[in-house]
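Trainee: File model.txt follows (compact mmCIF, C-alpha atoms and all ligand atoms):
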# COMPACT_ATOMS: atom_id res chain seq x y z
CA MET P 1 22.52 15.36 69.58
CA ALA P 2 23.74 17.39 66.64
CA ALA P 3 20.79 18.70 64.70
CA SER P 4 20.31 20.70 61.58
CA SER P 5 17.50 23.03 60.78
CA ASN P 6 15.05 22.81 57.96
CA SER P 7 16.38 24.64 54.95
CA LYS P 8 13.94 24.84 52.07
CA SER P 9 16.54 26.05 49.60
CA ASN P 10 19.36 23.98 51.08
CA SER P 11 21.60 26.96 51.26
CA THR P 12 20.29 30.09 52.87
CA ASP P 13 21.18 30.75 56.44
CA THR P 14 18.96 33.69 57.11
CA GLU P 15 15.62 32.04 57.64
CA ALA P 16 13.89 33.09 60.81
CA ASP P 17 12.31 29.70 61.44
CA LYS P 18 15.55 28.08 62.51
CA LYS P 19 15.15 29.25 66.12
CA SER P 20 14.36 26.52 68.57
CA PRO P 21 10.84 26.93 69.88
CA LYS P 22 11.11 28.63 73.23
CA GLY P 23 8.19 26.69 74.66
CA LEU P 24 10.10 23.46 74.16
CA VAL P 25 13.33 24.57 75.70
CA THR P 26 13.73 23.53 79.28
CA ASP P 27 16.24 24.79 81.79
CA ASP P 28 17.98 21.45 81.81
CA GLU P 29 20.36 20.88 78.94
CA ASP P 30 19.26 17.85 76.98
CA TYR P 31 21.47 18.53 73.97
CA GLY P 32 18.59 18.72 71.53
CA TYR P 33 16.88 15.42 72.24
CA TYR P 34 13.53 17.12 72.80
CA PHE P 35 13.29 17.63 69.06
CA TYR P 36 13.09 13.90 68.50
CA PRO P 37 10.28 12.55 70.67
CA GLU P 38 10.73 8.98 69.48
CA ARG P 39 14.36 9.05 70.60
CA GLU P 40 13.36 9.56 74.22
CA GLU P 41 10.53 7.07 74.34
CA LYS P 42 10.47 4.34 71.76
CA LYS P 43 6.84 3.97 70.89
CA LYS P 44 5.76 0.37 70.71
CA LYS P 45 3.20 0.28 67.97
CA SER P 46 1.61 -2.79 66.50
CA TYR P 47 1.87 -3.41 62.79
CA PHE P 48 -1.71 -2.24 62.25
CA GLU P 49 -1.19 0.86 64.32
CA ARG P 50 1.78 1.73 62.14
CA VAL P 51 -0.07 1.07 58.89
CA LEU P 52 -2.95 3.25 59.99
CA SER P 53 -0.67 5.98 61.28
CA ARG P 54 -0.72 9.22 59.36
CA ASP P 55 3.05 9.30 59.80
CA ASP P 56 3.34 6.21 57.71
CA ALA P 57 3.14 7.87 54.28
CA SER P 58 5.80 10.44 55.09
CA ASN P 59 7.95 7.73 56.62
CA PHE P 60 7.72 5.70 53.41
CA THR P 61 8.55 8.73 51.24
CA CYS P 62 11.48 9.58 53.48
CA ARG P 63 12.90 6.06 53.27
CA MET P 64 12.51 6.04 49.49
CA ASN P 65 14.33 9.38 49.31
CA VAL P 66 17.13 8.04 51.50
CA GLN P 67 17.56 5.07 49.20
CA THR P 68 17.81 7.35 46.16
CA CYS P 69 20.32 9.62 47.94
CA MET P 70 22.45 6.60 48.90
CA GLU P 71 22.47 5.33 45.33
CA LYS P 72 22.75 8.53 43.34
CA ASN P 73 23.78 11.61 45.32
CA PRO P 74 27.57 12.17 45.06
CA MET P 75 27.85 13.97 48.41
CA VAL P 76 26.07 11.17 50.23
CA LYS P 77 28.00 8.46 48.37
CA LEU P 78 31.28 10.15 49.21
CA MET P 79 30.38 10.38 52.90
CA VAL P 80 29.26 6.74 53.03
CA GLY P 81 32.51 5.66 51.36
CA ALA P 82 34.62 7.78 53.69
CA LEU P 83 32.84 6.42 56.76
CA SER P 84 33.37 2.89 55.56
CA SER P 85 37.06 3.55 54.95
CA HIS P 86 37.39 4.81 58.52
CA GLY P 87 35.89 1.62 59.91
CA CYS P 88 32.32 2.90 60.26
CA PRO P 89 30.29 1.28 57.45
CA VAL P 90 26.79 2.68 57.00
CA ASP P 91 23.91 0.22 57.00
CA MET P 92 20.88 2.12 55.75
CA LYS P 93 18.40 0.20 57.89
CA ARG P 94 20.51 0.32 61.05
CA HIS P 95 22.07 3.77 60.90
CA ILE P 96 19.51 5.98 59.18
CA SER P 97 16.15 6.57 60.78
CA CYS P 98 13.20 8.53 59.37
CA GLU P 99 11.16 9.95 62.25
CA PRO P 100 8.68 12.69 63.00
CA CYS P 101 10.38 15.62 64.71
CA LEU P 102 9.23 18.68 66.55
CA ALA P 103 9.50 22.25 65.29
CA LYS P 104 11.52 22.98 62.18
CA VAL P 105 14.39 20.60 62.78
CA SER P 106 15.24 18.63 59.66
CA GLY P 107 17.73 16.11 60.98
CA GLY P 108 20.30 15.14 63.55
CA PHE P 109 22.99 12.65 64.44
CA ASP P 110 22.59 10.64 67.63
CA PRO P 111 26.01 9.37 68.77
CA LYS P 112 24.42 7.22 71.47
CA THR P 113 22.76 5.00 68.89
CA MET P 114 25.08 5.89 65.99
CA GLN P 115 22.05 6.88 63.99
CA VAL P 116 21.32 9.71 61.60
CA VAL P 117 17.79 10.99 62.16
CA LEU P 118 15.91 12.45 59.21
CA CYS P 119 12.79 14.41 60.07
CA GLN P 120 10.19 12.91 57.74
CA ASN P 121 7.63 15.62 58.52
CA ASN P 122 10.00 18.50 57.77
CA ILE P 123 11.96 17.29 54.76
CA GLN P 124 10.04 18.39 51.71
CA ASN P 125 11.78 16.67 48.82
CA LYS P 126 14.63 14.45 47.69
CA ASP P 127 17.18 17.23 47.23
CA VAL P 128 16.64 18.51 50.76
CA CYS P 129 16.76 14.93 52.02
CA CYS P 130 20.16 14.32 50.36
CA ASN P 131 21.53 17.58 51.69
CA VAL P 132 20.39 16.90 55.25
CA LEU P 133 21.69 13.33 55.00
CA ALA P 134 25.12 14.51 53.78
CA HIS P 135 25.23 17.09 56.59
CA GLU P 136 24.41 14.54 59.29
CA LEU P 137 26.77 11.95 57.81
CA LEU P 138 29.53 14.53 58.15
CA HIS P 139 28.78 14.68 61.89
CA ALA P 140 28.86 10.89 61.93
CA PHE P 141 32.21 11.02 60.11
CA ASP P 142 33.64 13.45 62.68
CA PHE P 143 32.39 11.19 65.46
CA CYS P 144 33.88 8.13 63.78
CA ARG P 145 37.17 9.82 62.94
CA ALA P 146 37.78 12.10 65.88
CA LYS P 147 35.35 10.93 68.58
CA VAL P 148 33.70 14.33 68.67
CA ASP P 149 32.05 15.08 72.01
CA PHE P 150 28.81 16.75 70.93
CA GLU P 151 28.20 18.00 74.45
CA ASN P 152 31.42 20.01 74.26
CA LEU P 153 30.51 23.38 72.73
CA ARG P 154 33.82 23.75 70.88
CA HIS P 155 33.62 20.27 69.42
CA LEU P 156 30.05 20.97 68.30
CA ALA P 157 31.10 24.31 66.82
CA CYS P 158 33.86 22.60 64.86
CA THR P 159 31.70 19.93 63.27
CA GLU P 160 28.95 22.47 62.46
CA ILE P 161 31.53 24.77 60.83
CA ARG P 162 32.70 21.86 58.69
CA ALA P 163 29.14 20.91 57.70
CA ALA P 164 28.27 24.50 56.79
CA ASN P 165 31.53 24.91 54.91
CA MET P 166 31.08 21.86 52.74
CA ASN P 167 27.33 21.44 52.44
CA HIS P 168 25.62 24.78 52.76
CA CYS P 169 27.55 27.91 51.93
CA SER P 170 28.05 28.32 48.24
CA LEU P 171 31.08 30.22 47.03
CA ALA P 172 29.13 31.15 43.91
CA ALA P 173 26.38 32.69 46.01
CA ALA P 174 28.94 34.57 48.05
CA TYR P 175 30.43 35.85 44.82
CA ALA P 176 27.05 36.83 43.42
CA ILE P 177 26.05 38.93 46.39
CA GLY P 178 29.52 40.10 47.29
CA GLU P 179 31.93 42.53 45.83
CA ALA P 180 33.59 41.38 42.65
CA SER P 181 36.87 40.80 44.37
CA LEU P 182 38.38 37.65 45.74
CA PHE P 183 38.74 39.28 49.15
CA GLY P 184 35.05 40.14 49.32
CA VAL P 185 33.99 36.63 48.29
CA LYS P 186 36.22 34.93 50.82
CA GLU P 187 35.01 37.19 53.60
CA ARG P 188 31.39 36.57 52.70
CA HIS P 189 31.86 32.84 52.48
CA GLN P 190 33.44 32.73 55.92
CA LEU P 191 30.62 34.86 57.29
CA CYS P 192 28.06 32.46 55.78
CA VAL P 193 29.80 29.50 57.42
CA LYS P 194 29.99 31.25 60.79
CA ASN P 195 26.31 32.24 60.69
CA LYS P 196 25.13 28.81 59.63
CA ALA P 197 27.25 27.08 62.29
CA LEU P 198 25.99 29.49 64.93
CA GLN P 199 22.35 28.81 63.99
CA SER P 200 22.92 25.06 64.11
CA ILE P 201 24.44 25.32 67.59
CA LEU P 202 21.71 27.57 68.95
CA LEU P 203 19.09 25.20 67.59
CA VAL P 204 20.16 22.41 69.91
CA ARG P 205 22.00 24.09 72.74
CA ASN P 206 20.37 26.32 75.30
CA VAL P 207 23.40 28.59 75.61
CA PRO P 208 23.72 32.37 75.27
CA LYS P 209 24.40 33.49 71.70
CA GLU P 210 27.63 35.19 72.79
CA GLU P 211 28.96 31.94 74.26
CA ALA P 212 28.23 30.11 71.01
CA MET P 213 29.84 32.90 68.96
CA ILE P 214 33.00 32.72 71.07
CA ALA P 215 33.16 28.94 70.56
CA VAL P 216 32.76 29.35 66.78
CA ASP P 217 35.46 32.02 66.64
CA GLU P 218 37.89 30.02 68.75
CA VAL P 219 37.87 26.95 66.53
CA PHE P 220 37.02 28.60 63.21
CA ASP P 221 40.40 28.75 61.46
CA ARG P 222 41.32 25.15 62.15
CA CYS P 223 37.90 23.67 61.38
CA TYR P 224 37.24 25.84 58.31
CA SER P 225 40.44 24.65 56.68
CA ASP P 226 39.71 20.98 57.43
CA THR P 227 37.74 19.80 54.39
CA GLU P 228 38.07 16.06 54.94
CA PRO P 229 36.67 13.87 53.47
CA TYR P 230 35.49 16.06 50.59
CA GLY P 231 38.83 17.66 49.89
CA ARG P 232 37.11 20.84 48.74
CA ARG P 233 34.35 23.11 49.92
CA CYS P 234 31.15 24.51 48.42
CA PHE P 235 29.17 21.61 47.14
CA LYS P 236 26.22 23.50 45.78
CA SER P 237 27.00 22.64 42.20
CA MET P 238 26.62 19.06 41.06
CA PRO P 239 29.67 19.13 38.75
CA ARG P 240 31.85 20.06 41.73
CA ALA P 241 30.29 17.33 43.82
CA LYS P 242 30.83 14.74 41.10
CA ARG P 243 34.44 15.87 40.65
CA ALA P 244 35.08 15.45 44.37
CA LEU P 245 33.50 12.02 44.24
CA ASP P 246 35.76 11.01 41.35
CA GLU P 247 38.83 12.26 43.20
CA ALA P 248 37.79 10.52 46.38
CA ARG P 249 37.59 7.18 44.57
CA ASN P 250 41.38 7.27 44.50
CA TYR P 251 41.68 6.99 48.24
CA TYR P 252 38.33 5.74 49.50
CA ASP P 253 36.88 2.37 48.73
CA PHE P 254 33.37 2.62 47.30
CA ASP P 255 31.31 2.25 44.11
ZN ZN J 301 24.75 19.96 62.04
Go ahead and express the file in the form of structure tokens.

Mentor:
Amino acid sequence: MAASSNSKSNSTDTEADKKSPKGLVTDDEDYGYYFYPEREEKKKKSYFERVLSRDDASNFTCRMNVQTCMEKNPMVKLMVGALSSHGCPVDMKRHISCEPCLAKVSGGFDPKTMQVVLCQNNIQNKDVCCNVLAHELLHAFDFCRAKVDFENLRHLACTEIRAANMNHCSLAAAYAIGEASLFGVKERHQLCVKNKALQSILLVRNVPKEEAMIAVDEVFDRCYSDTEPYGRRCFKSMPRAKRALDEARNYYDFD
């Protein structure tokens, strides 16, 4: 399971609440599935049980947000188009699932069911929903394109580097807090991507931090320079996202 942590601002990678809850971590590796209780045991609820469930309202809101993201968000539309072009069309009802999750996890991609999980209890608004959805669809894209083995630490590191690179770390933010030189900005952007990828790995894998850092470093150069299917990094600004979407129309088939 590749998961992403809840990010209220969509971009920062310094929040302390991204740690996996120690009480939930078992000695046995389960690759993050414990965050998604409904993945392990499909709860068989009757219609009335579901209607009366307090999860129902947040599930409805989540599904409405997903629909809006699919129709309007350029990052999500680009990912859906790219997946389709690679032979993995996205059916909203089949491949995207809004579920309650444990801790502060905001989403994940489950390769066993080919489903993106969105954590309805942890995603606060539409913008966060679109960002999490685009992040998880990128994992789905890597799985579709390159058959990523999420249980392989280096594979996981690579896809998390790519997601952080294209969806989370803003070059503008790196510029704002960095030195006013191109060198400083580039360094800071790479550091942001490394940190974000590391946090994402540690959220789902019960491995020593050093081991995760080594995996990130080993694959960093290759995975950082691979910006498919976006073609460019740093999607914090909508104009950039829309531009990428327009460019992608030339080689991907979507509305
Ligand atoms: Zn991720």

Trainee: So, with all atoms listed in the file as the atoms that count, which of P:Glu160, P:Ala140, P:Tyr224, P:Ile214 lies closest to Lys196 (chain P)?

Mentor: P:Glu160

Trainee: Distance CA of Ala57 (chain P)-CA of Cys129 (chain P), one decimal place?

Mentor: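 Computed distance, CA of Ala57 (chain P) to CA of Cys129 (chain P), equals 15.5 Å.
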
Trainee: Between P:Cys101, P:Val207, P:Ala157, P:Cys192, single out the one closest to Ile123 (chain P), counting all atoms listed in the file.

Mentor: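 Residue with the minimum atom-to-atom distance to Ile123 (chain P): P:Cys101.
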
Trainee: Check which residues fall inside 10 Å of ligand ZN 301 (chain J) when counting all atoms listed in the file, and print them as number ranges by chain.

Mentor: P: 1-5, 106-109, 132, 134-140, 156-164, 196-197, 199-201, 203-204

Trainee: Quick one: of P:Val128, P:Cys144, P:Val105, P:Met64, who's nearest to Val90 (chain P), counting all atoms listed in the file?

Mentor: P:Cys144

Trainee: Please indicate the distance in Å from CA of Glu210 (chain P) to CA of Asn195 (chain P), rounded to one decimal place.

Mentor: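 So the answer is 12.5 Å.
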
Trainee: Between P:Val193, P:Leu202, P:Met114, P:Val219, which one has atoms that come closest to Met166 (chain P), using only C-alpha atoms?

Mentor: P:Val193

Trainee: From the options P:Asn121, P:Asp110, P:Leu102, P:Val116, which residue's atoms come nearest to Val148 (chain P), counting all atoms listed in the file?

Mentor: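 Under the stated criterion, the closest residue is P:Asp110.
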
Trainee: Of the candidates P:Asn65, P:Asn167, P:Asn206, P:Ser58, which shows the shortest atom-to-atom distance to Lys126 (chain P), using only C-alpha atoms?

Mentor: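 Of P:Asn65, P:Asn167, P:Asn206, P:Ser58, the one nearest Lys126 (chain P) is P:Asn65, counting only C-alpha atoms.
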
Trainee: Using CA of Pro229 (chain P) and CA of Lys72 (chain P) as the two end points, give the distance in Å to one decimal.

Mentor: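 Computed distance, CA of Pro229 (chain P) to CA of Lys72 (chain P), equals 18.0 Å.
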
Trainee: Counting only C-alpha atoms, write as a ChimeraX atom specification all protein and nucleic acid residues lying at most 6 Å from (17.8, 10.6, 59.7) in the file's frame.

Mentor: /P:96-98,107,116-118

Trainee: Produce a file of the selected residues containing C-alpha atoms, as a PDB file, in the coordinates of the input.

Mentor:
ATOM      1  CA  ILE P  96      19.510   5.980  59.180  1.00  0.00           C
ATOM      2  CA  SER P  97      16.150   6.570  60.780  1.00  0.00           C
ATOM      3  CA  CYS P  98      13.200   8.530  59.370  1.00  0.00           C
ATOM      4  CA  GLY P 107      17.730  16.110  60.980  1.00  0.00           C
ATOM      5  CA  VAL P 116      21.320   9.710  61.600  1.00  0.00           C
ATOM      6  CA  VAL P 117      17.790  10.990  62.160  1.00  0.00           C
ATOM      7  CA  LEU P 118      15.910  12.450  59.210  1.00  0.00           C
TER       8      LEU P 118
END
